[in-house]
$ cat query33.txt   # compact mmCIF, C-alpha atoms
# COMPACT_ATOMS: atom_id res chain seq x y z
CA MET N 1 14.16 -70.87 19.12
CA THR N 2 11.26 -72.51 17.39
CA ALA N 3 8.54 -70.99 15.20
CA THR N 4 4.90 -71.76 15.81
CA THR N 5 3.65 -74.81 13.96
CA VAL N 6 0.31 -76.02 12.73
CA SER N 7 -1.15 -78.23 15.44
CA THR N 8 -3.84 -79.86 13.35
CA ARG N 9 -4.77 -79.88 9.70
CA GLU N 10 -8.30 -78.79 10.58
CA ALA N 11 -7.37 -75.70 12.59
CA PRO N 12 -4.09 -74.05 11.52
CA PRO N 13 -3.20 -70.93 13.51
CA LEU N 14 -4.15 -67.67 11.87
CA TRP N 15 -0.76 -66.04 12.50
CA ASP N 16 1.83 -68.74 11.89
CA TYR N 17 5.54 -67.86 11.68
CA VAL N 18 7.68 -70.40 9.86
CA PRO N 19 11.16 -70.64 8.33
CA VAL N 20 11.25 -69.28 4.77
CA ALA N 21 11.81 -72.80 3.42
CA ASP N 22 8.42 -73.84 4.87
CA TYR N 23 6.47 -71.00 3.23
CA SER N 24 3.70 -72.38 1.01
CA VAL N 25 1.85 -70.34 -1.63
CA PRO N 26 -1.78 -71.54 -1.94
CA ALA N 27 -2.63 -73.48 -5.09
CA ALA N 28 -5.57 -72.55 -7.30
CA PRO N 29 -8.49 -74.96 -7.84
CA ILE N 30 -7.89 -77.15 -10.89
CA ALA N 31 -10.84 -75.75 -12.83
CA HIS N 32 -9.56 -72.20 -12.38
CA THR N 33 -6.03 -73.21 -13.39
CA VAL N 34 -7.26 -74.74 -16.65
CA LYS N 35 -9.42 -71.70 -17.41
CA LYS N 36 -6.56 -69.32 -16.68
CA GLY N 37 -4.22 -71.36 -18.89
CA LEU N 38 -6.62 -71.16 -21.83
CA ALA N 39 -7.01 -67.42 -21.34
CA ALA N 40 -3.22 -66.98 -21.41
CA PHE N 41 -3.03 -69.10 -24.60
CA TRP N 42 -5.53 -66.91 -26.43
CA GLN N 43 -3.87 -63.75 -25.13
CA VAL N 44 -0.78 -64.62 -27.19
CA PHE N 45 -2.80 -64.01 -30.36
CA ARG N 46 -4.06 -60.66 -29.07
CA ARG N 47 -0.68 -59.12 -28.29
CA GLU N 48 -0.62 -57.01 -31.41
CA GLN N 49 -4.11 -55.63 -30.90
CA PRO N 50 -4.37 -52.05 -29.59
CA ALA N 51 -4.85 -51.61 -25.87
CA SER N 52 -8.31 -51.05 -24.54
CA GLU N 53 -9.32 -47.40 -24.58
CA ALA N 54 -10.88 -47.73 -21.13
CA PRO N 55 -8.34 -47.90 -18.28
CA PHE N 56 -8.88 -50.18 -15.31
CA LYS N 57 -11.60 -48.95 -12.99
CA LEU N 58 -13.37 -50.74 -10.21
CA ALA N 59 -17.04 -51.38 -10.85
CA THR N 60 -19.12 -48.41 -9.70
CA ASP N 61 -22.63 -49.76 -10.06
CA LEU N 62 -25.32 -48.94 -7.52
CA ARG N 63 -24.56 -52.11 -5.56
CA THR N 64 -20.99 -51.07 -4.72
CA LEU N 65 -20.36 -50.35 -1.04
CA SER N 66 -19.47 -46.84 0.04
CA GLU N 67 -16.21 -46.19 1.89
CA ARG N 68 -18.20 -45.90 5.11
CA GLN N 69 -19.83 -49.29 4.53
CA LEU N 70 -16.48 -50.86 3.63
CA ALA N 71 -14.97 -49.51 6.83
CA ARG N 72 -17.64 -51.42 8.80
CA VAL N 73 -17.79 -54.63 6.74
CA ALA N 74 -14.13 -54.97 5.68
CA PRO N 75 -11.95 -52.76 7.88
CA ALA N 76 -8.19 -52.91 7.52
CA PRO N 77 -6.49 -55.71 9.48
CA THR N 78 -4.78 -54.72 12.71
CA TRP N 79 -1.50 -56.21 13.83
CA ASP N 80 -1.76 -56.66 17.61
CA ALA N 81 -2.66 -60.36 17.41
CA ALA N 82 0.04 -60.95 14.80
CA ALA N 83 2.60 -59.23 17.02
CA ALA N 84 1.53 -61.34 20.00
CA ALA N 85 1.94 -64.51 17.91
CA LEU N 86 5.41 -63.39 16.79
CA HIS N 87 6.37 -62.68 20.40
CA ALA N 88 5.27 -66.21 21.30
CA ALA N 89 7.22 -67.68 18.38
CA LEU N 90 10.35 -65.85 19.56
CA ASP N 91 9.85 -66.70 23.23
CA GLU N 92 12.79 -69.09 23.49
CA TRP N 93 15.15 -66.66 21.74
CA LEU N 94 13.91 -63.71 23.81
CA THR N 95 14.51 -65.49 27.12
CA GLN N 96 18.01 -66.78 26.34
CA GLU N 97 20.70 -64.95 28.28
CA GLU N 98 23.11 -65.30 25.37
CA ALA N 99 21.27 -66.06 22.16
CA ALA N 100 23.10 -68.04 19.49
CA ALA N 101 21.76 -65.62 16.86
CA PRO N 102 22.05 -61.89 17.68
CA VAL N 103 19.47 -60.93 15.05
CA VAL N 104 16.18 -62.41 13.80
CA LEU N 105 14.95 -61.42 10.34
CA LEU N 106 11.23 -61.29 9.51
CA VAL N 107 10.72 -61.31 5.73
CA GLY N 108 7.38 -60.50 4.12
CA PRO N 109 6.06 -59.89 0.60
CA PRO N 110 4.48 -56.53 -0.24
CA TYR N 111 1.24 -55.86 1.66
CA SER N 112 1.86 -58.71 4.11
CA GLY N 113 2.18 -56.31 7.03
CA HIS N 114 5.71 -57.11 8.23
CA ALA N 115 6.51 -53.48 9.13
CA GLY N 116 3.18 -52.96 10.90
CA ILE N 117 3.60 -56.21 12.84
CA LEU N 118 7.06 -55.20 14.04
CA ARG N 119 5.89 -51.74 15.01
CA ALA N 120 3.12 -53.37 17.05
CA LEU N 121 5.72 -55.69 18.60
CA ALA N 122 7.92 -52.73 19.59
CA GLU N 123 4.89 -51.01 21.11
CA ARG N 124 4.07 -54.21 22.98
CA GLN N 125 7.63 -54.19 24.39
CA GLY N 126 7.37 -50.52 25.22
CA GLN N 127 10.76 -49.70 23.71
CA GLY N 128 13.29 -50.44 21.04
CA LEU N 129 11.78 -49.10 17.81
CA VAL N 130 14.44 -47.99 15.30
CA GLU N 131 13.11 -45.59 12.68
CA PRO N 132 14.42 -46.01 9.10
CA PRO N 133 16.85 -43.46 7.68
CA SER N 134 15.73 -40.92 5.11
CA PRO N 135 16.88 -41.27 1.47
CA GLU N 136 19.26 -38.37 2.12
CA GLN N 137 20.80 -40.24 5.06
CA VAL N 138 21.16 -43.37 2.92
CA LEU N 139 22.97 -41.51 0.15
CA ALA N 140 25.20 -39.73 2.67
CA GLY N 141 26.09 -42.97 4.48
CA ASP N 142 24.79 -41.53 7.78
CA GLU N 143 25.03 -44.15 10.56
CA SER N 144 23.51 -42.01 13.32
CA TRP N 145 20.27 -44.05 13.25
CA PHE N 146 22.03 -47.38 14.00
CA PRO N 147 20.62 -48.96 17.18
CA GLN N 148 22.76 -48.91 20.29
CA PRO N 149 23.54 -52.24 21.97
CA GLN N 150 21.79 -52.77 25.31
CA ASP N 151 23.00 -54.92 28.20
CA ALA N 152 19.48 -56.06 29.10
CA GLY N 153 15.85 -55.58 28.22
CA ALA N 154 13.87 -56.05 25.05
CA PRO N 155 15.70 -56.23 21.70
CA TRP N 156 15.63 -53.30 19.33
CA VAL N 157 13.22 -53.57 16.39
CA PHE N 158 13.98 -52.22 12.90
CA PRO N 159 10.76 -52.77 10.89
CA ALA N 160 11.82 -51.80 7.35
CA LEU N 161 15.27 -52.79 6.11
CA GLU N 162 14.11 -51.90 2.59
CA ARG N 163 14.33 -48.24 3.69
CA ALA N 164 18.04 -48.55 4.49
CA TYR N 165 19.33 -48.79 0.91
CA LEU N 166 18.83 -47.45 -2.59
CA ARG N 167 19.81 -49.20 -5.80
CA HIS N 168 22.21 -46.39 -6.60
CA ALA N 169 26.00 -46.10 -6.65
CA ALA N 170 25.94 -44.26 -3.32
CA GLY N 171 23.04 -46.14 -1.80
CA ILE N 172 24.46 -49.59 -0.98
CA GLY N 173 27.35 -49.06 1.44
CA LEU N 174 25.19 -48.08 4.42
CA VAL N 175 23.03 -51.21 4.43
CA ARG N 176 26.11 -53.42 4.03
CA ARG N 177 27.71 -51.84 7.11
CA PHE N 178 24.47 -52.14 9.07
CA LEU N 179 24.04 -55.83 8.22
CA ASP N 180 27.72 -56.56 8.94
CA ARG N 181 27.48 -55.02 12.39
CA ALA N 182 24.05 -56.46 13.20
CA SER N 183 24.96 -60.02 12.17
CA SER N 184 28.20 -59.86 14.18
CA GLY N 185 26.34 -58.92 17.35
CA ALA N 186 28.01 -55.51 17.57
CA LEU N 187 24.62 -53.79 17.75
CA GLY N 188 23.21 -56.11 20.40
CA ARG N 189 20.09 -58.21 20.07
CA GLY N 190 17.59 -57.08 17.45
CA ILE N 191 14.71 -57.98 15.15
CA ILE N 192 14.78 -56.77 11.55
CA GLY N 193 11.85 -56.67 9.14
CA CYS N 194 12.42 -56.66 5.39
CA ASP N 195 10.28 -56.73 2.27
CA SER N 196 10.85 -59.96 0.32
CA TRP N 197 11.82 -58.16 -2.90
CA ALA N 198 14.40 -56.05 -1.10
CA TRP N 199 15.80 -59.14 0.63
CA ALA N 200 16.09 -60.97 -2.69
CA TYR N 201 18.22 -58.06 -3.94
CA LEU N 202 20.24 -57.57 -0.75
CA GLN N 203 21.28 -61.23 -0.76
CA HIS N 204 23.03 -60.50 -4.07
CA ILE N 205 24.96 -57.46 -2.83
CA TRP N 206 25.66 -58.48 0.79
CA HIS N 207 27.52 -61.75 1.27
CA GLY N 208 26.95 -62.23 4.97
CA ARG N 209 24.31 -64.44 6.54
CA LEU N 210 21.48 -64.10 9.05
CA SER N 211 20.95 -67.49 10.65
CA VAL N 212 17.31 -67.05 11.74
CA THR N 213 14.83 -65.92 9.08
CA LEU N 214 11.08 -66.22 9.56
CA VAL N 215 8.04 -65.40 7.44
CA LEU N 216 4.35 -65.19 8.24
CA GLN N 217 2.77 -68.24 6.60
CA ALA N 218 0.61 -67.48 3.55
CA PHE N 219 -3.13 -67.03 4.02
CA ASP N 220 -4.92 -69.99 2.47
CA GLN N 221 -8.70 -70.32 2.09
CA ARG N 222 -9.20 -71.23 5.76
CA ARG N 223 -7.17 -68.33 7.10
CA LEU N 224 -8.82 -65.84 4.74
CA ALA N 225 -12.27 -67.05 5.78
CA GLN N 226 -11.35 -66.68 9.44
CA ILE N 227 -9.88 -63.20 9.23
CA PHE N 228 -12.55 -61.78 6.91
CA ASP N 229 -15.19 -63.10 9.29
CA GLU N 230 -13.39 -61.60 12.28
CA LEU N 231 -13.04 -58.21 10.59
CA ALA N 232 -16.68 -58.11 9.51
CA ASN N 233 -18.15 -59.26 12.80
CA ARG N 234 -15.74 -57.69 15.29
CA SER N 235 -18.44 -55.49 16.89
CA ARG N 236 -21.68 -57.13 15.72
CA ARG N 237 -24.20 -59.02 17.80
CA GLN N 238 -25.50 -60.89 14.74
CA PRO N 239 -22.92 -62.15 12.22
CA LEU N 240 -23.09 -61.16 8.57
CA LEU N 241 -23.59 -63.73 5.84
CA PHE N 242 -21.43 -63.50 2.71
CA ARG N 243 -22.83 -65.04 -0.49
CA GLN N 244 -21.97 -64.93 -4.17
CA THR N 245 -23.96 -62.50 -6.30
CA SER N 246 -24.37 -64.91 -9.21
CA ASN N 247 -25.81 -67.98 -7.48
CA GLY N 248 -26.11 -67.37 -3.74
CA HIS N 249 -23.37 -69.84 -2.80
CA TYR N 250 -21.75 -69.10 0.56
CA VAL N 251 -18.37 -67.37 0.28
CA LEU N 252 -17.70 -67.42 4.04
CA PRO N 253 -19.01 -70.37 6.08
CA PRO N 254 -22.38 -69.48 7.67
CA PRO N 255 -22.56 -69.42 11.49
CA ASP N 256 -24.54 -72.67 11.65
CA ARG N 257 -23.49 -75.01 8.86
CA ASP N 258 -25.87 -77.78 9.96
CA ALA N 259 -28.91 -75.52 9.52
CA VAL N 260 -27.95 -74.36 6.02
CA ALA N 261 -28.69 -76.02 2.69
CA GLY N 262 -26.71 -73.61 0.49
CA GLU N 263 -23.57 -74.60 -1.41
CA THR N 264 -20.07 -73.19 -0.88
CA SER N 265 -18.28 -71.00 -3.44
CA GLN N 266 -14.63 -71.48 -4.46
CA PHE N 267 -14.08 -67.72 -4.39
CA LEU N 268 -11.71 -67.82 -1.42
CA ASP N 269 -9.69 -70.71 -2.91
CA VAL N 270 -9.10 -68.67 -6.07
CA LEU N 271 -8.48 -65.49 -4.08
CA ALA N 272 -5.85 -67.20 -1.93
CA ALA N 273 -4.02 -68.43 -5.03
CA ARG N 274 -4.32 -65.20 -7.01
CA SER N 275 -3.10 -63.10 -4.08
CA ARG N 276 -0.32 -65.64 -3.38
CA GLY N 277 -1.66 -65.81 0.18
CA ILE N 278 -0.68 -62.19 0.88
CA LEU N 279 -3.22 -60.79 3.30
CA GLY N 280 -3.15 -57.17 2.11
CA VAL N 281 -3.54 -58.18 -1.54
CA ALA N 282 -6.40 -60.57 -0.73
CA TRP N 283 -8.05 -57.90 1.42
CA ALA N 284 -7.95 -55.38 -1.47
CA PHE N 285 -9.65 -57.84 -3.84
CA TRP N 286 -12.15 -58.79 -1.13
CA ARG N 287 -13.22 -55.17 -0.71
CA ALA N 288 -13.39 -54.68 -4.48
CA GLY N 289 -15.80 -57.61 -4.81
CA LEU N 290 -18.29 -56.70 -2.07
CA ARG N 291 -21.81 -55.69 -3.11
CA THR N 292 -25.05 -54.79 -1.35
CA GLU N 293 -27.34 -56.91 -3.59
CA PRO N 294 -27.13 -60.05 -5.77
CA ASP N 295 -27.29 -60.06 -9.56
CA ASP N 296 -31.03 -60.67 -9.77
CA GLU N 297 -34.17 -61.20 -7.69
CA ASP N 298 -34.20 -64.99 -8.16
CA VAL N 299 -30.85 -65.29 -6.38
CA ALA N 300 -32.13 -63.11 -3.54
CA ALA N 301 -35.32 -65.17 -3.22
CA ALA N 302 -33.46 -68.49 -3.16
CA ALA N 303 -31.01 -67.12 -0.59
CA THR N 304 -33.86 -66.07 1.67
CA GLU N 305 -35.34 -69.58 1.61
CA ASP N 306 -32.19 -71.36 2.83
CA ALA N 307 -30.83 -68.62 5.13
CA PRO N 308 -30.28 -69.82 8.70
CA SER N 309 -32.19 -66.82 10.10
CA SER N 310 -34.17 -63.93 8.66
CA ARG N 311 -32.48 -61.66 11.20
CA LEU N 312 -29.04 -62.15 9.63
CA ARG N 313 -27.98 -59.54 7.09
CA THR N 314 -26.42 -60.75 3.84
CA MET N 315 -23.52 -59.11 2.04
CA TRP N 316 -22.80 -60.15 -1.52
CA VAL N 317 -19.53 -60.95 -3.30
CA ARG N 318 -18.97 -60.89 -7.06
CA PRO N 319 -17.72 -64.20 -8.51
CA TRP N 320 -14.04 -64.20 -9.34
CA ASP N 321 -14.50 -64.24 -13.13
CA LYS N 322 -16.56 -61.02 -12.88
CA LEU N 323 -14.07 -59.22 -10.66
CA GLN N 324 -11.91 -56.70 -12.50
CA SER N 325 -8.16 -56.94 -12.02
CA PRO N 326 -5.46 -54.53 -13.25
CA GLU N 327 -3.34 -55.83 -16.11
CA LEU N 328 -0.36 -54.51 -18.07
CA PRO N 329 -1.41 -53.06 -21.45
CA PRO N 330 -0.21 -55.22 -24.38
CA GLN N 331 2.29 -52.57 -25.53
CA SER N 332 4.05 -52.41 -22.13
CA GLY N 333 7.80 -52.72 -22.33
CA GLY N 334 11.09 -51.68 -20.77
CA ASP N 335 9.99 -48.43 -19.16
CA GLU N 336 7.12 -50.09 -17.29
CA ALA N 337 9.34 -52.99 -16.28
CA VAL N 338 12.17 -50.94 -14.78
CA VAL N 339 9.78 -48.63 -12.93
CA LEU N 340 7.73 -51.50 -11.49
CA HIS N 341 10.90 -53.37 -10.56
CA ALA N 342 12.40 -50.39 -8.74
CA LEU N 343 9.15 -49.77 -6.84
CA LEU N 344 9.05 -53.40 -5.71
CA LEU N 345 12.75 -53.61 -4.79
CA HIS N 346 12.28 -50.64 -2.45
CA ASN N 347 8.65 -51.25 -1.42
CA GLY N 348 7.82 -47.82 -2.84
CA LEU N 349 9.75 -44.57 -3.36
CA PRO N 350 9.14 -40.83 -3.73
CA VAL N 351 9.26 -39.84 -7.39
CA ASP N 352 12.40 -37.69 -7.03
CA VAL N 353 14.31 -40.58 -5.43
CA LEU N 354 12.98 -43.03 -8.03
CA GLN N 355 14.26 -40.73 -10.77
CA GLN N 356 17.76 -40.86 -9.25
CA CYS N 357 17.72 -44.67 -9.23
CA LEU N 358 16.65 -45.30 -12.84
CA PRO N 359 18.41 -44.95 -16.21
CA LEU N 360 15.47 -42.96 -17.57
CA ALA N 361 14.89 -39.26 -18.05
CA PRO N 362 12.90 -37.70 -15.18
CA ASN N 363 9.93 -37.00 -17.47
CA GLN N 364 9.95 -40.65 -18.66
CA VAL N 365 9.71 -41.86 -15.08
CA MET N 366 6.80 -39.54 -14.31
CA GLU N 367 4.95 -40.41 -17.53
CA THR N 368 5.41 -44.13 -16.84
CA LEU N 369 4.10 -43.77 -13.28
CA LEU N 370 1.02 -41.95 -14.55
CA ARG N 371 0.37 -44.67 -17.14
CA LEU N 372 0.70 -47.35 -14.47
CA GLU N 373 -1.61 -45.40 -12.17
CA GLU N 374 -4.19 -45.05 -14.95
CA VAL N 375 -4.44 -48.83 -15.39
CA GLY N 376 -4.51 -49.47 -11.64
CA LEU N 377 -1.00 -50.88 -11.23
CA ALA N 378 0.55 -48.01 -9.28
CA THR N 379 -0.68 -45.79 -6.49
CA HIS N 380 0.76 -42.94 -4.49
CA GLN N 381 0.11 -41.80 -0.96
CA ASP N 382 2.05 -39.34 1.20
CA ALA N 383 4.32 -38.62 -1.80
CA VAL N 384 5.41 -42.29 -2.06
CA TRP N 385 4.66 -44.33 -5.18
CA ARG N 386 4.03 -48.07 -4.83
CA VAL N 387 2.78 -50.96 -6.89
CA SER N 388 -0.89 -51.20 -5.91
CA ALA N 389 -2.23 -54.13 -3.92
CA LEU N 390 -4.69 -54.98 -6.71
CA GLY N 391 -1.94 -54.64 -9.32
CA TYR N 392 0.71 -56.66 -7.50
CA PRO N 393 -0.17 -60.11 -8.98
CA ALA N 394 -0.02 -58.77 -12.55
CA ALA N 395 3.16 -56.77 -11.91
CA ARG N 396 4.93 -59.77 -10.40
CA GLN N 397 3.92 -62.02 -13.27
CA PHE N 398 5.02 -59.40 -15.84
CA LEU N 399 8.47 -59.00 -14.27
CA GLN N 400 8.97 -62.73 -13.80
CA ALA N 401 8.11 -63.35 -17.47
CA GLY N 402 10.64 -60.66 -18.42
CA GLY N 403 13.47 -62.35 -16.53
CA TYR N 404 13.74 -59.76 -13.76
CA LEU N 405 14.87 -60.65 -10.25
CA THR N 406 11.78 -61.47 -8.18
CA ASP N 407 11.20 -62.50 -4.60
CA THR N 408 10.69 -66.16 -3.69
CA LEU N 409 7.46 -65.73 -1.69

$ encode --input "query33.txt" --output "structure tokens"
Amino acid sequence: MTATTVSTREAPPLWDYVPVADYSVPAAPIAHTVKKGLAAFWQVFRREQPASEAPFKLATDLRTLSERQLARVAPAPTWDAAAAALHAALDEWLTQEEAAAPVVLLVGPPYSGHAGILRALAERQGQGLVEPPSPEQVLAGDESWFPQPQDAGAPWVFPALERAYLRHAAGIGLVRRFLDRASSGALGRGIIGCDSWAWAYLQHIWHGRLSVTLVLQAFDQRRLAQIFDELANRSRRQPLLFRQTSNGHYVLPPPDRDAVAGETSQFLDVLAARSRGILGVAWAFWRAGLRTEPDDEDVAAAATEDAPSSRLRTMWVRPWDKLQSPELPPQSGGDEAVVLHALLLHNGLPVDVLQQCLPLAPNQVMETLLRLEEVGLATHQDAVWRVSALGYPAARQFLQAGGYLTDTL
């Protein structure tokens, strides 16, 4: 089996599955790296200052897009094309009568879409989706959800291995037995998806080996430009233009480069680096930066002069240094660290389960979650708490600086 590869430097595939060793996090532009380094240097001298009284909030000026506008201009990515690309990458393995590896593992960092991609793949196959066990099943060691080996047909698909364990005395045995049986071929041929933080942890507590591990290649500036353009113009006859609010520089390449005199912004280069090439994180920042108008009338007038066509509508994007990003308050310590770490190791948990997994009093866990939510680092939906997409870069950096186990992606 071979993963898809980049055919040319000029046109890398949008959905590119590679071995984990070939994963490449985008690098920031040099000017941004220097500026960020100086900011970190000065932050050392501000550690003892009191935290800002105003928690993190996205800008809510009159130029901010409504949810309805965002749904049209920056809808959530869908996974059908990604699933088709994964199917193509696995073609050789899928068509082998007796595959050398019974199981393929797809690893992905938070908000990279690995579970959604595998669900779309199972739907494409028309069968084989294995639903994750509940926390109660995990703690009880219930194996009734294990896939049944099949003599022929499509492989089973288990999209979220991170849901098969809990970092708890009674929460590890089940996932060990599942991985033992899957890697031995006892469960038949299958595809497993796993969050990168969970996999980093599971490699410490399970000593077996999965011989084929793939990851969706990080989204660099080119890939982000392509997918944001596709999302914005999916159902439009005339493409949108995206320009920077401060100076009118193009954030996405205009439809006809030869007919345009405007300069290009480095926004996407910085976004790719800051998001670590994770599509869902980049998408969250992209939406947060969109505006209906530029900063002043001079920018609008200059943009009108060099626009390729007066019929094209322009959307505006705040420059990176004006875009708010959640950060840990200076007084953050052990409580915030252990809560963030547990959320990332499990790709989110209900609060009652989180309380069982942490050496903190239940009220401490809840209070810490609320503090993290207030500054934009945590979010909850359908009773599950997660590190937010906007807060992920800061949370990862905070935990890495504190010596906690992190993923490698």

$ residues_near_point --input "query33.txt" --point "(-4.4, -48.3, -9.9)" --cutoff "8 Å" --atoms "all atoms listed in the file" --output "PyMOL selection string"
chain N and resi 56-57+326+372-379+388+390-391

$ residues_around --input "query33.txt" --residues "Ala284 (chain N)" --least-positions-apart "4" --cutoff "7 Å" --atoms "all atoms listed in the file" --output "number ranges by chain"
N: 280, 288, 389-390

$ closest_residue --input "query33.txt" --among "N:Pro294, N:Trp93, N:Glu67, N:Ser235" --to "Val212 (chain N)" --atoms "only C-alpha atoms"
N:Trp93

$ atom_distance --input "query33.txt" --atom1 "CA of Thr292 (chain N)" --atom2 "CA of Trp316 (chain N)"
5.8 Å

$ residues_around --input "query33.txt" --residues "Phe228 (chain N)" --least-positions-apart "6" --cutoff "9 Å" --atoms "only C-alpha atoms" --output "PDB file with C-alpha atoms, keeping the file's coordinate frame"
ATOM      1  CA  VAL N  73     -17.790 -54.630   6.740  1.00  0.00           C
ATOM      2  CA  ALA N  74     -14.130 -54.970   5.680  1.00  0.00           C
ATOM      3  CA  PRO N  77      -6.490 -55.710   9.480  1.00  0.00           C
ATOM      4  CA  LEU N 252     -17.700 -67.420   4.040  1.00  0.00           C
ATOM      5  CA  TRP N 283      -8.050 -57.900   1.420  1.00  0.00           C
ATOM      6  CA  TRP N 286     -12.150 -58.790  -1.130  1.00  0.00           C
TER       7      TRP N 286
END

$ atom_distance --input "query33.txt" --atom1 "CA of Ile117 (chain N)" --atom2 "CA of Val215 (chain N)"
11.5 Å

$ residues_around --input "query33.txt" --residues "region 130-135 of chain N" --least-positions-apart "4" --cutoff "9 Å" --atoms "all atoms listed in the file" --output "number ranges by chain"
N: 139-140, 142-147, 156-166, 171, 353

$ axis_aligned_box --input "query33.txt" --around "region 204-207 of chain N" --padding-each-side "3 Å" --output "AutoDock Vina command-line options"
--center_x 25.3 --center_y -59.6 --center_z -1.4 --size_x 10.5 --size_y 10.3 --size_z 11.3

$ atom_distance --input "query33.txt" --atom1 "CA of Arg223 (chain N)" --atom2 "CA of Pro253 (chain N)"
12.1 Å

$ residues_around --input "query33.txt" --residues "Trp320 (chain N)" --least-positions-apart "5" --cutoff "8 Å" --atoms "only C-alpha atoms" --output "count of residues only"
3

$ residues_around --input "query33.txt" --residues "Ala120 (chain N)" --least-positions-apart "5" --cutoff "9 Å" --atoms "all atoms listed in the file" --output "number ranges by chain"
N: 79-80, 82-84, 115, 125

$ closest_residue --input "query33.txt" --among "N:Pro155, N:Gly348, N:Glu230, N:Gly173" --to "Gly141 (chain N)" --atoms "all atoms listed in the file"
N:Gly173

$ closest_residue --input "query33.txt" --among "N:Leu187, N:Leu345, N:Leu118, N:Leu340" --to "Leu202 (chain N)" --atoms "all atoms listed in the file"
N:Leu345

$ closest_residue --input "query33.txt" --among "N:Asp321, N:Glu263, N:Glu327, N:Glu97" --to "Ala303 (chain N)" --atoms "all atoms listed in the file"
N:Glu263

$ closest_atom_pairs --input "query33.txt" --of "region 186-243 of chain N" --to "region 401-404 of chain N" --cutoff "12 Å" --atoms "only C-alpha atoms" --output "Markdown table"
| residue | atom | partner | partner_atom | distance |
| --- | --- | --- | --- | --- |
| N:Trp197 | CA | N:Tyr404 | CA | 11.1 |
| N:Ala200 | CA | N:Tyr404 | CA | 11.4 |
| N:Tyr201 | CA | N:Tyr404 | CA | 10.9 |

$ closest_atom_pairs --input "query33.txt" --of "region 101-148 of chain N" --to "region 15-29 of chain N" --cutoff "12 Å" --atoms "all atoms listed in the file" --output "tab-separated table"
residue	atom	partner	partner_atom	distance
N:Val104	CA	N:Pro19	CA	11.1
N:Leu105	CA	N:Pro19	CA	10.2
N:Leu106	CA	N:Tyr17	CA	9.0
N:Val107	CA	N:Val20	CA	8.0
N:Gly108	CA	N:Val20	CA	9.6
N:Pro109	CA	N:Tyr23	CA	11.4
N:Ser112	CA	N:Trp15	CA	11.4
N:Gly113	CA	N:Trp15	CA	11.5
N:His114	CA	N:Tyr17	CA	11.3
N:Ile117	CA	N:Trp15	CA	10.8

$ closest_residue --input "query33.txt" --among "N:Val351, N:Leu94, N:Ala186, N:Leu344" --to "Glu367 (chain N)" --atoms "only C-alpha atoms"
N:Val351

$ residues_near_point --input "query33.txt" --point "(1.0, -60.6, -8.3)" --cutoff "10 Å" --atoms "all atoms listed in the file" --output "list in words"
Pro110, Ala273, Arg274, Ser275, Arg276, Ile278, Val281, Val387, Ser388, Ala389, Leu390, Gly391, Tyr392, Pro393, Ala394, Ala395, Arg396, Gln397, Phe398, Leu399 and Gln400 of chain N

$ closest_residue --input "query33.txt" --among "N:Ala337, N:Ala100, N:Ile172, N:Leu216" --to "Ser184 (chain N)" --atoms "only C-alpha atoms"
N:Ala100

$ decode --input "query33.txt" --residues "region 234-243 of chain N" --atoms "N, CA and C atoms" --output "PDB file, in the first residue's frame"
ATOM      1  N   ARG N 234     -18.429  27.860  -3.522  1.00  0.00           N
ATOM      2  CA  ARG N 234     -19.004  26.568  -3.911  1.00  0.00           C
ATOM      3  C   ARG N 234     -20.246  26.739  -4.777  1.00  0.00           C
ATOM      4  N   SER N 235     -21.106  27.706  -4.474  1.00  0.00           N
ATOM      5  CA  SER N 235     -22.368  27.868  -5.210  1.00  0.00           C
ATOM      6  C   SER N 235     -22.524  29.266  -5.791  1.00  0.00           C
ATOM      7  N   ARG N 236     -21.416  29.938  -6.082  1.00  0.00           N
ATOM      8  CA  ARG N 236     -21.477  31.301  -6.603  1.00  0.00           C
ATOM      9  C   ARG N 236     -21.097  31.340  -8.073  1.00  0.00           C
ATOM     10  N   ARG N 237     -21.787  32.203  -8.819  1.00  0.00           N
ATOM     11  CA  ARG N 237     -21.434  32.396 -10.218  1.00  0.00           C
ATOM     12  C   ARG N 237     -20.211  33.306 -10.335  1.00  0.00           C
ATOM     13  N   GLN N 238     -20.149  34.331  -9.473  1.00  0.00           N
ATOM     14  CA  GLN N 238     -19.003  35.236  -9.460  1.00  0.00           C
ATOM     15  C   GLN N 238     -18.208  35.011  -8.178  1.00  0.00           C
ATOM     16  N   PRO N 239     -16.909  34.756  -8.282  1.00  0.00           N
ATOM     17  CA  PRO N 239     -16.123  34.483  -7.068  1.00  0.00           C
ATOM     18  C   PRO N 239     -15.985  35.714  -6.183  1.00  0.00           C
ATOM     19  N   LEU N 240     -15.842  35.466  -4.892  1.00  0.00           N
ATOM     20  CA  LEU N 240     -15.570  36.540  -3.937  1.00  0.00           C
ATOM     21  C   LEU N 240     -14.085  36.884  -3.951  1.00  0.00           C
ATOM     22  N   LEU N 241     -13.790  38.129  -3.656  1.00  0.00           N
ATOM     23  CA  LEU N 241     -12.412  38.553  -3.415  1.00  0.00           C
ATOM     24  C   LEU N 241     -12.212  38.674  -1.907  1.00  0.00           C
ATOM     25  N   PHE N 242     -11.036  38.300  -1.431  1.00  0.00           N
ATOM     26  CA  PHE N 242     -10.709  38.413  -0.008  1.00  0.00           C
ATOM     27  C   PHE N 242      -9.472  39.286   0.137  1.00  0.00           C
ATOM     28  N   ARG N 243      -9.626  40.422   0.847  1.00  0.00           N
ATOM     29  CA  ARG N 243      -8.536  41.387   0.976  1.00  0.00           C
ATOM     30  C   ARG N 243      -8.388  41.803   2.426  1.00  0.00           C
TER      31      ARG N 243
END
